[in-house]
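Visitor: Coordinates in model17.cif, mmCIF, C-alpha atoms, are listed below.
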```cif
data_start
loop_
_atom_site.group_PDB
_atom_site.id
_atom_site.type_symbol
_atom_site.label_atom_id
_atom_site.label_comp_id
_atom_site.auth_asym_id
_atom_site.auth_seq_id
_atom_site.Cartn_x
_atom_site.Cartn_y
_atom_site.Cartn_z
ATOM 1 C CA MET A 7 31.926 29.874 26.250
ATOM 2 C CA GLU A 8 30.598 31.567 23.146
ATOM 3 C CA SER A 9 32.755 29.305 20.982
ATOM 4 C CA GLY A 10 31.255 26.194 22.608
ATOM 5 C CA PHE A 11 27.743 27.548 22.093
ATOM 6 C CA MET A 12 28.400 28.222 18.390
ATOM 7 C CA LYS A 13 29.878 24.741 17.954
ATOM 8 C CA LYS A 14 26.801 23.135 19.492
ATOM 9 C CA LYS A 15 24.557 25.273 17.294
ATOM 10 C CA GLU A 16 26.462 24.121 14.186
ATOM 11 C CA GLN A 17 26.145 20.499 15.280
ATOM 12 C CA ASP A 18 22.407 20.877 15.823
ATOM 13 C CA LEU A 19 22.059 22.489 12.384
ATOM 14 C CA PHE A 20 24.036 19.620 10.835
ATOM 15 C CA HIS A 21 21.656 17.050 12.341
ATOM 16 C CA VAL A 22 18.613 18.974 11.106
ATOM 17 C CA ILE A 23 19.946 19.392 7.565
ATOM 18 C CA HIS A 24 21.064 15.779 7.161
ATOM 19 C CA LYS A 25 18.233 14.327 9.284
ATOM 20 C CA VAL A 26 20.771 12.396 11.350
ATOM 21 C CA PRO A 27 19.908 11.758 15.022
ATOM 22 C CA CYS A 28 22.226 12.938 17.761
ATOM 23 C CA GLY A 29 24.534 10.596 19.620
ATOM 24 C CA ASP A 30 27.357 8.178 18.866
ATOM 25 C CA GLY A 31 25.724 4.746 19.004
ATOM 26 C CA PRO A 32 25.655 2.215 16.143
ATOM 27 C CA TYR A 33 22.261 3.426 14.898
ATOM 28 C CA VAL A 34 23.487 7.018 14.621
ATOM 29 C CA ARG A 35 26.610 5.807 12.813
ATOM 30 C CA ALA A 36 24.445 3.806 10.431
ATOM 31 C CA LYS A 37 22.329 6.865 9.623
ATOM 32 C CA HIS A 38 25.484 8.946 9.146
ATOM 33 C CA ALA A 39 26.836 6.371 6.671
ATOM 34 C CA GLN A 40 23.460 6.242 4.895
ATOM 35 C CA LEU A 41 22.607 9.939 4.685
ATOM 36 C CA VAL A 42 25.892 11.838 4.938
ATOM 37 C CA GLU A 43 28.554 9.523 3.541
ATOM 38 C CA LYS A 44 26.126 7.953 1.031
ATOM 39 C CA ASP A 45 27.687 4.555 1.745
ATOM 40 C CA PRO A 46 24.820 2.025 1.902
ATOM 41 C CA GLU A 47 27.025 -1.043 2.433
ATOM 42 C CA THR A 48 28.665 0.493 5.500
ATOM 43 C CA ALA A 49 25.248 1.668 6.692
ATOM 44 C CA ILE A 50 23.946 -1.921 6.588
ATOM 45 C CA ILE A 51 26.902 -3.105 8.689
ATOM 46 C CA TRP A 52 26.130 -0.473 11.331
ATOM 47 C CA PHE A 53 22.394 -1.200 11.193
ATOM 48 C CA TRP A 54 23.170 -4.846 11.974
ATOM 49 C CA LYS A 55 25.342 -3.729 14.883
ATOM 50 C CA ALA A 56 22.508 -1.543 16.154
ATOM 51 C CA ILE A 57 20.047 -4.453 16.001
ATOM 52 C CA ASN A 58 22.424 -6.783 17.824
ATOM 53 C CA ALA A 59 23.159 -4.110 20.444
ATOM 54 C CA GLY A 60 19.475 -3.341 21.002
ATOM 55 C CA ASP A 61 19.965 0.245 19.819
ATOM 56 C CA ARG A 62 16.657 1.528 18.352
ATOM 57 C CA VAL A 63 16.006 -1.932 16.917
ATOM 58 C CA ASP A 64 12.720 -1.087 15.190
ATOM 59 C CA SER A 65 14.143 1.967 13.413
ATOM 60 C CA ALA A 66 17.365 0.133 12.539
ATOM 61 C CA LEU A 67 15.426 -2.811 11.094
ATOM 62 C CA LYS A 68 13.130 -0.636 8.975
ATOM 63 C CA ASP A 69 15.912 1.640 7.739
ATOM 64 C CA MET A 70 18.170 -1.313 6.936
ATOM 65 C CA ALA A 71 15.391 -2.948 4.921
ATOM 66 C CA VAL A 72 14.933 0.245 2.894
ATOM 67 C CA VAL A 73 18.670 0.407 2.143
ATOM 68 C CA MET A 74 18.743 -3.289 1.216
ATOM 69 C CA LYS A 75 15.820 -2.766 -1.166
ATOM 70 C CA GLN A 76 17.770 0.011 -2.898
ATOM 71 C CA LEU A 77 20.664 -2.447 -3.343
ATOM 72 C CA ASP A 78 18.372 -5.165 -4.777
ATOM 73 C CA ARG A 79 18.733 -7.230 -1.614
ATOM 74 C CA SER A 80 15.014 -7.375 -0.919
ATOM 75 C CA GLU A 81 14.947 -11.114 -0.170
ATOM 76 C CA GLU A 82 17.552 -10.576 2.522
ATOM 77 C CA ALA A 83 15.568 -7.656 3.922
ATOM 78 C CA ILE A 84 12.416 -9.795 4.137
ATOM 79 C CA GLU A 85 14.226 -12.480 6.111
ATOM 80 C CA ALA A 86 15.737 -9.849 8.419
ATOM 81 C CA ILE A 87 12.331 -8.375 9.275
ATOM 82 C CA LYS A 88 10.778 -11.794 9.837
ATOM 83 C CA SER A 89 13.659 -12.848 12.079
ATOM 84 C CA PHE A 90 14.000 -9.738 14.231
ATOM 85 C CA ARG A 91 10.575 -8.076 14.346
ATOM 86 C CA GLY A 92 9.957 -9.941 17.604
ATOM 87 C CA LEU A 93 12.500 -7.608 19.220
ATOM 88 C CA CYS A 94 10.452 -4.560 18.221
ATOM 89 C CA PRO A 95 7.599 -2.999 20.238
ATOM 90 C CA ARG A 96 3.966 -3.591 19.321
ATOM 91 C CA THR A 97 3.598 0.012 18.163
ATOM 92 C CA SER A 98 6.128 -0.544 15.361
ATOM 93 C CA GLN A 99 4.606 -3.755 13.940
ATOM 94 C CA GLU A 100 2.214 -1.938 11.601
ATOM 95 C CA SER A 101 4.994 0.080 9.966
ATOM 96 C CA LEU A 102 7.091 -3.102 9.647
ATOM 97 C CA ASP A 103 4.166 -4.687 7.791
ATOM 98 C CA ASN A 104 4.148 -1.725 5.391
ATOM 99 C CA VAL A 105 7.862 -2.209 4.712
ATOM 100 C CA LEU A 106 7.272 -5.934 4.130
ATOM 101 C CA ILE A 107 4.512 -5.234 1.605
ATOM 102 C CA ASP A 108 6.864 -2.986 -0.384
ATOM 103 C CA LEU A 109 9.533 -5.690 -0.291
ATOM 104 C CA TYR A 110 7.050 -8.339 -1.445
ATOM 105 C CA LYS A 111 6.106 -6.091 -4.380
ATOM 106 C CA LYS A 112 9.766 -5.673 -5.274
ATOM 107 C CA CYS A 113 10.267 -9.460 -5.255
ATOM 108 C CA GLY A 114 7.020 -10.254 -7.074
ATOM 109 C CA LYS A 115 5.686 -12.223 -4.083
ATOM 110 C CA VAL A 116 1.996 -11.629 -4.835
ATOM 111 C CA ASP A 117 0.534 -14.354 -2.605
ATOM 112 C CA GLU A 118 2.491 -13.031 0.367
ATOM 113 C CA GLN A 119 1.192 -9.519 -0.354
ATOM 114 C CA ILE A 120 -2.390 -10.779 -0.354
ATOM 115 C CA VAL A 121 -1.995 -12.574 2.963
ATOM 116 C CA LEU A 122 -0.442 -9.535 4.641
ATOM 117 C CA LEU A 123 -2.971 -7.068 3.198
ATOM 118 C CA LYS A 124 -5.833 -9.223 4.484
ATOM 119 C CA HIS A 125 -4.129 -9.279 7.866
ATOM 120 C CA LYS A 126 -4.047 -5.464 7.864
ATOM 121 C CA LEU A 127 -7.770 -5.360 7.015
ATOM 122 C CA LYS A 128 -8.432 -7.722 9.920
ATOM 123 C CA GLN A 129 -6.514 -5.361 12.217
ATOM 124 C CA ILE A 130 -8.755 -2.498 11.095
ATOM 125 C CA TYR A 131 -11.854 -4.576 11.781
ATOM 126 C CA LEU A 132 -10.584 -5.466 15.262
ATOM 127 C CA GLY A 133 -9.770 -1.806 15.964
ATOM 128 C CA GLU A 134 -6.043 -2.488 16.260
ATOM 129 C CA ALA A 135 -4.840 -0.319 13.349
ATOM 130 C CA PHE A 136 -3.038 3.002 13.938
ATOM 131 C CA ASN A 137 -2.283 1.772 17.471
ATOM 132 C CA ARG A 138 -5.994 2.215 18.232
ATOM 133 C CA LYS A 139 -6.044 5.880 17.177
ATOM 134 C CA PRO A 140 -8.501 7.374 14.614
ATOM 135 C CA THR A 141 -5.713 8.868 12.464
ATOM 136 C CA LYS A 142 -1.991 8.551 11.937
ATOM 137 C CA THR A 143 0.726 10.836 10.616
ATOM 138 C CA ALA A 144 2.166 9.742 7.269
ATOM 139 C CA ARG A 145 4.985 11.115 5.154
ATOM 140 C CA SER A 146 5.256 11.608 1.414
ATOM 141 C CA HIS A 147 8.056 13.433 -0.385
ATOM 142 C CA GLY A 148 9.246 14.874 2.914
ATOM 143 C CA LYS A 149 5.816 16.252 3.882
ATOM 144 C CA LYS A 150 3.667 15.118 6.804
ATOM 145 C CA PHE A 151 -0.089 14.660 6.567
ATOM 146 C CA GLN A 152 -2.889 12.960 8.496
ATOM 147 C CA VAL A 153 -4.471 9.708 7.275
ATOM 148 C CA SER A 154 -7.826 8.472 8.563
ATOM 149 C CA ILE A 155 -8.859 4.855 9.100
ATOM 150 C CA LYS A 156 -11.255 5.097 6.136
ATOM 151 C CA GLN A 157 -8.513 6.399 3.850
ATOM 152 C CA GLU A 158 -6.177 3.644 5.007
ATOM 153 C CA THR A 159 -8.845 0.993 4.426
ATOM 154 C CA SER A 160 -9.400 2.233 0.882
ATOM 155 C CA ARG A 161 -5.648 2.291 0.240
ATOM 156 C CA ILE A 162 -5.206 -1.276 1.494
ATOM 157 C CA LEU A 163 -8.158 -2.481 -0.570
ATOM 158 C CA GLY A 164 -6.651 -0.778 -3.624
ATOM 159 C CA ASN A 165 -3.352 -2.575 -3.030
ATOM 160 C CA LEU A 166 -5.180 -5.863 -2.533
ATOM 161 C CA ALA A 167 -7.102 -5.411 -5.775
ATOM 162 C CA TRP A 168 -3.837 -4.615 -7.578
ATOM 163 C CA ALA A 169 -2.363 -7.864 -6.234
ATOM 164 C CA TYR A 170 -5.348 -9.804 -7.623
ATOM 165 C CA MET A 171 -4.765 -8.085 -10.968
ATOM 166 C CA GLN A 172 -1.195 -9.396 -10.974
ATOM 167 C CA LYS A 173 -2.684 -12.895 -10.727
ATOM 168 C CA SER A 174 -5.056 -12.079 -13.619
ATOM 169 C CA ASN A 175 -7.967 -12.545 -11.232
ATOM 170 C CA PHE A 176 -9.877 -9.602 -12.671
ATOM 171 C CA MET A 177 -13.262 -10.477 -11.206
ATOM 172 C CA ALA A 178 -11.866 -10.510 -7.672
ATOM 173 C CA ALA A 179 -9.931 -7.305 -8.352
ATOM 174 C CA GLU A 180 -13.100 -5.636 -9.629
ATOM 175 C CA VAL A 181 -15.068 -6.474 -6.475
ATOM 176 C CA VAL A 182 -12.326 -5.117 -4.216
ATOM 177 C CA TYR A 183 -11.776 -1.964 -6.312
ATOM 178 C CA ARG A 184 -15.499 -1.189 -6.136
ATOM 179 C CA LYS A 185 -15.355 -1.557 -2.366
ATOM 180 C CA ALA A 186 -12.319 0.758 -2.163
ATOM 181 C CA GLN A 187 -14.028 3.360 -4.357
ATOM 182 C CA MET A 188 -17.079 3.416 -2.099
ATOM 183 C CA ILE A 189 -14.874 4.395 0.833
ATOM 184 C CA ASP A 190 -12.424 6.887 -0.701
ATOM 185 C CA PRO A 191 -12.660 7.224 -4.501
ATOM 186 C CA ASP A 192 -9.828 8.441 -6.716
ATOM 187 C CA ALA A 193 -8.826 8.376 -10.387
ATOM 188 C CA ASN A 194 -6.107 5.743 -10.077
ATOM 189 C CA LYS A 195 -8.411 3.105 -8.596
ATOM 190 C CA ALA A 196 -11.101 4.021 -11.134
ATOM 191 C CA LEU A 197 -8.680 3.447 -14.020
ATOM 192 C CA ASN A 198 -7.675 0.093 -12.583
ATOM 193 C CA LEU A 199 -11.339 -0.831 -12.185
ATOM 194 C CA CYS A 200 -11.910 0.144 -15.815
ATOM 195 C CA HIS A 201 -9.054 -2.165 -16.819
ATOM 196 C CA CYS A 202 -10.625 -5.040 -14.849
ATOM 197 C CA LEU A 203 -13.958 -4.543 -16.613
ATOM 198 C CA ILE A 204 -12.305 -4.451 -20.034
ATOM 199 C CA LYS A 205 -10.592 -7.753 -19.264
ATOM 200 C CA GLN A 206 -14.049 -9.197 -18.553
ATOM 201 C CA ALA A 207 -15.414 -7.801 -21.855
ATOM 202 C CA ARG A 208 -17.844 -5.532 -19.950
ATOM 203 C CA TYR A 209 -17.186 -2.518 -22.119
ATOM 204 C CA ASP A 210 -20.251 -0.405 -21.331
ATOM 205 C CA GLU A 211 -19.522 -0.566 -17.600
ATOM 206 C CA ALA A 212 -15.865 0.202 -18.259
ATOM 207 C CA SER A 213 -16.860 3.279 -20.278
ATOM 208 C CA MET A 214 -19.045 4.554 -17.451
ATOM 209 C CA VAL A 215 -16.183 4.231 -14.961
ATOM 210 C CA LEU A 216 -13.783 5.904 -17.372
ATOM 211 C CA GLU A 217 -16.149 8.826 -17.940
ATOM 212 C CA ASP A 218 -15.729 9.940 -14.332
ATOM 213 C CA VAL A 219 -12.001 10.305 -14.895
ATOM 214 C CA LEU A 220 -12.276 11.910 -18.319
ATOM 215 C CA HIS A 221 -14.703 14.501 -16.916
ATOM 216 C CA HIS A 222 -12.490 15.151 -13.875
ATOM 217 C CA LYS A 223 -15.079 13.965 -11.365
ATOM 218 C CA LEU A 224 -12.566 12.116 -9.180
ATOM 219 C CA PRO A 225 -9.546 13.292 -7.171
ATOM 220 C CA GLY A 226 -6.401 12.877 -9.224
ATOM 221 C CA SER A 227 -8.220 13.044 -12.573
ATOM 222 C CA GLU A 228 -6.144 16.023 -13.691
ATOM 223 C CA ASP A 229 -2.850 14.310 -12.920
ATOM 224 C CA TYR A 230 -0.676 13.955 -16.030
ATOM 225 C CA LYS A 231 -0.287 10.181 -15.650
ATOM 226 C CA SER A 232 -4.004 9.698 -15.040
ATOM 227 C CA ARG A 233 -4.933 11.682 -18.131
ATOM 228 C CA ASN A 234 -2.540 9.687 -20.302
ATOM 229 C CA ARG A 235 -3.754 6.368 -18.982
ATOM 230 C CA ALA A 236 -7.393 7.398 -19.374
ATOM 231 C CA GLU A 237 -6.732 8.205 -23.030
ATOM 232 C CA GLU A 238 -5.013 4.843 -23.529
ATOM 233 C CA LEU A 239 -7.945 2.971 -21.984
ATOM 234 C CA SER A 240 -10.377 4.984 -24.092
ATOM 235 C CA LEU A 241 -8.564 3.888 -27.259
ATOM 236 C CA GLU A 242 -8.494 0.297 -26.012
ATOM 237 C CA LEU A 243 -12.240 0.412 -25.419
ATOM 238 C CA GLU A 244 -12.836 1.621 -28.966
ATOM 239 C CA MET A 245 -10.856 -1.315 -30.325
ATOM 240 C CA MET A 246 -12.663 -3.811 -28.104
ATOM 241 C CA ARG A 247 -16.187 -2.748 -29.058
ATOM 242 C CA PRO A 248 -18.462 -5.309 -30.810
ATOM 243 C CA GLY A 249 -17.253 -5.685 -34.367
ATOM 244 C CA ASN A 250 -13.693 -6.235 -33.173
ATOM 245 C CA SER A 251 -14.428 -9.703 -31.771
ATOM 246 C CA SER A 252 -11.132 -11.045 -33.048
ATOM 247 C CA LEU A 253 -9.435 -9.004 -30.349
ATOM 248 C CA LEU A 254 -11.315 -10.653 -27.481
ATOM 249 C CA MET A 255 -9.377 -12.989 -25.208
ATOM 250 C CA ASP A 256 -10.676 -15.795 -23.015
ATOM 251 C CA LEU A 257 -10.682 -14.930 -19.365
ATOM 252 C CA PRO A 258 -8.413 -17.038 -17.188
ATOM 253 C CA GLY A 259 -9.842 -19.248 -14.463
ATOM 254 C CA LEU A 260 -10.965 -17.038 -11.598
ATOM 255 C CA SER A 261 -11.042 -17.674 -7.895
ATOM 256 C CA PHE A 262 -11.997 -15.505 -4.950
ATOM 257 C CA GLU A 263 -12.175 -16.668 -1.366
ATOM 258 C CA ASP A 264 -15.662 -16.777 0.078
ATOM 259 C CA ASP A 265 -14.373 -16.091 3.574
ATOM 260 C CA PHE A 266 -12.731 -12.909 2.384
ATOM 261 C CA VAL A 267 -16.030 -11.641 0.956
ATOM 262 C CA GLU A 268 -17.447 -12.013 4.451
ATOM 263 C CA ALA A 269 -14.383 -10.312 5.942
ATOM 264 C CA LEU A 270 -14.892 -7.315 3.651
ATOM 265 C CA GLU A 271 -18.428 -6.991 4.925
ATOM 266 C CA ARG A 272 -17.264 -7.074 8.535
ATOM 267 C CA VAL A 273 -14.717 -4.334 7.852
ATOM 268 C CA MET A 274 -17.345 -2.073 6.350
ATOM 269 C CA ASN A 275 -19.738 -2.661 9.246
ATOM 270 C CA GLU A 276 -17.311 -0.568 11.283
ATOM 271 C CA TRP A 277 -18.996 2.488 9.767
ATOM 272 C CA ALA A 278 -22.532 1.119 9.422
ATOM 273 C CA PRO A 279 -25.128 2.254 12.014
ATOM 274 C CA SER A 280 -26.257 -1.328 12.557
ATOM 275 C CA ARG A 281 -24.394 -4.613 12.368
ATOM 276 C CA SER A 282 -27.254 -6.128 10.396
ATOM 277 C CA ARG A 283 -27.233 -3.420 7.738
ATOM 278 C CA ARG A 284 -25.741 -4.514 4.400
ATOM 279 C CA LEU A 285 -24.104 -1.933 2.146
ATOM 280 C CA PRO A 286 -24.904 -2.023 -1.602
ATOM 281 C CA ILE A 287 -21.523 -3.368 -2.580
ATOM 282 C CA PHE A 288 -22.089 -6.516 -0.530
ATOM 283 C CA GLU A 289 -25.413 -7.119 -2.209
ATOM 284 C CA GLU A 290 -23.438 -7.020 -5.447
ATOM 285 C CA ILE A 291 -20.754 -9.317 -4.059
ATOM 286 C CA SER A 292 -23.392 -11.826 -2.996
ATOM 287 C CA GLN A 293 -24.503 -12.193 -6.614
ATOM 288 C CA PHE A 294 -21.008 -13.406 -7.500
ATOM 289 C CA ARG A 295 -20.520 -15.554 -4.383
ATOM 290 C CA ASP A 296 -21.172 -18.910 -6.101
ATOM 291 C CA GLN A 297 -18.971 -17.943 -9.058
ATOM 292 C CA LEU A 298 -16.140 -16.642 -6.952
ATOM 293 C CA ALA A 299 -15.923 -19.239 -4.228
ATOM 294 C CA CYS A 300 -13.093 -21.713 -4.584
#
```
Would you give me this structure, written as structure tokens?

Guide:
Amino acid sequence: MESGFMKKKEQDLFHVIHKVPCGDGPYVRAKHAQLVEKDPETAIIWFWKAINAGDRVDSALKDMAVVMKQLDRSEEAIEAIKSFRGLCPRTSQESLDNVLIDLYKKCGKVDEQIVLLKHKLKQIYLGEAFNRKPTKTARSHGKKFQVSIKQETSRILGNLAWAYMQKSNFMAAEVVYRKAQMIDPDANKALNLCHCLIKQARYDEASMVLEDVLHHKLPGSEDYKSRNRAEELSLELEMMRPGNSSLLMDLPGLSFEDDFVEALERVMNEWAPSRSRRLPIFEEISQFRDQLAC
């Protein structure tokens, strides 16, 4: 009796240490291959078996996509999620979208990122994000923490602005970064905003944004990477000042969807006392509307 109890205790400890669920189904075998045996190819085989058997399909699909990404099989992972997400419950669709965005980044599919990020903003506006809860539990480096709707909105806007930067659409990226900073400011988004302004030859404005990071006024300003990047941008600004006109580059053709400007305003009205009230950033956006519209 005591021997059986000790054996069960050892098994429970094994599952906790290796973060492997209990049981003997295909999903458990996939996780064992992934986390214990460190055999990603075998794990993918078992994940497929779990999906086909209906065994924790949403978890199997997400975990398989992560393993495929590690093996540089991101295109295959994208197709798998698109094909089988219909088998997953509504509550798992948001996390599947997050996995897809990471896969799109890995594959350099910027347009697809933009479409999906706008879809996530629409979900926030409709009150469908976080499965209609005010916060959600997120994980980072093995630690759990709570994320609010406002924080998530700012994060999505930051990702959207980054996607516009990849298309060299710096004016659009600037507008979205400013919006994100109004909701939940941090050093990383400020540095990206500074970069956007430099690309538009608006050096005085870029310097003002950079000052907040250099003087540690924003969360993350003291991070090693942020400090290094701030110093690099400061040097770049010095080189780009008037008198160094030979270093200026023509801006590429810019485009920014007029309907999305309106969508941004609707998202922010979630926190405005009145639907008719316009926040300052949208007054600023309106000034660029004719320039930015396709």

Visitor: By how many Å are atom CA of A:Val73 and atom CA of A:Leu163 apart?

Guide: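 So the answer is 27.1 Å.
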
Visitor: Carefully work through the PyMOL selection byres ((chain A and resi 122) around 12) for this structure and note down the residues it includes, as a PyMOL selection string.

Guide: chain A and resi 100+102-111+115-121+123-129+162-163+165-166+169

Visitor: I'd like the contact shell of A:Ile189 - 9 Å cut-off, only C-alpha atoms, skipping same-chain residues fewer than 5 positions apart - returned as a list of chain:residue names.

Guide: A:Lys156, A:Gln157, A:Thr159, A:Ser160, A:Arg184, A:Met274

Visitor: Could you take the residues named above and write them with C-alpha atoms, as a PDB file, in the coordinates of the input?

Guide:
```pdb
ATOM      1  CA  LYS A 156     -11.255   5.097   6.136  1.00  0.00           C
ATOM      2  CA  GLN A 157      -8.513   6.399   3.850  1.00  0.00           C
ATOM      3  CA  THR A 159      -8.845   0.993   4.426  1.00  0.00           C
ATOM      4  CA  SER A 160      -9.400   2.233   0.882  1.00  0.00           C
ATOM      5  CA  ARG A 184     -15.499  -1.189  -6.136  1.00  0.00           C
ATOM      6  CA  MET A 274     -17.345  -2.073   6.350  1.00  0.00           C
TER       7      MET A 274
END
```

Visitor: Would you list the contacts of A:Asn198 as a PyMOL selection string, taking every protein, DNA or RNA residue within 12 Å and counting all atoms listed in the file, but skipping same-chain residues closer than 3 positions in sequence?

Guide: chain A and resi 164-172+176+179-184+186-187+191-195+201-205+212+215-216+219+232+235-236+239

Visitor: What does the distance from atom CA of A:Leu243 to atom CA of A:Asp210 come to in Å, to one decimal?

Guide: 9.0 Å

Visitor: Point out the residue among A:Leu77, A:Ala36, A:Met188, A:Met177 with the least atom-to-atom distance to A:Arg161, counting all atoms listed in the file.

Guide: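 Smallest separation from A:Arg161 among the options: A:Met188.
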
Visitor: With all atoms listed in the file as the atoms that count, which of A:Leu199, A:Cys94, A:Tyr131, A:Tyr230 lies nearest to A:Lys185?

Guide: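 Among A:Leu199, A:Cys94, A:Tyr131, A:Tyr230, it is A:Leu199 that comes nearest to A:Lys185.
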
Visitor: How many Å lie between atom CA of A:Asp78 and atom CA of A:Ile51, rounded to one decimal?

Guide: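 Atom CA of A:Ile51 lies at a distance of 16.1 Å from atom CA of A:Asp78.
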
Visitor: Give as a PyMOL selection string the residues that the PyMOL selection byres ((chain A and resi 85) around 12) matches when applied to the coordinates above.

Guide: chain A and resi 67+70-71+74+79-84+86-91+106+109-110

Visitor: Quick one: residues within 9 Å of A:Lys55, all atoms listed in the file counted, chain neighbours fewer than 6 positions away excluded, as JSON, numbers by chain?

Guide: {"A": [32, 33, 36, 61]}

Visitor: Go ahead and save the residues from that selection, with C-alpha atoms, as an mmCIF file, in the frame of the given file.

Guide:
```cif
data_model
loop_
_atom_site.group_PDB
_atom_site.id
_atom_site.type_symbol
_atom_site.label_atom_id
_atom_site.label_comp_id
_atom_site.auth_asym_id
_atom_site.auth_seq_id
_atom_site.Cartn_x
_atom_site.Cartn_y
_atom_site.Cartn_z
ATOM 1 C CA PRO A 32 25.655 2.215 16.143
ATOM 2 C CA TYR A 33 22.261 3.426 14.898
ATOM 3 C CA ALA A 36 24.445 3.806 10.431
ATOM 4 C CA ASP A 61 19.965 0.245 19.819
#
```

Visitor: Using the chain letters and numbers from the file, which residues does the PyMOL selection byres ((chain A and resi 35) around 10) grab, as a list in words?

Guide: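 For this structure, the PyMOL selection byres ((chain A and resi 35) around 10) resolves to Val26, Pro27, Cys28, Gly29, Asp30, Gly31, Pro32, Tyr33, Val34, Ala36, Lys37, His38, Ala39, Gln40, Leu41, Val42, Thr48, Ala49, Ile51, Trp52, Phe53, Lys55 and Ala56 of chain A.
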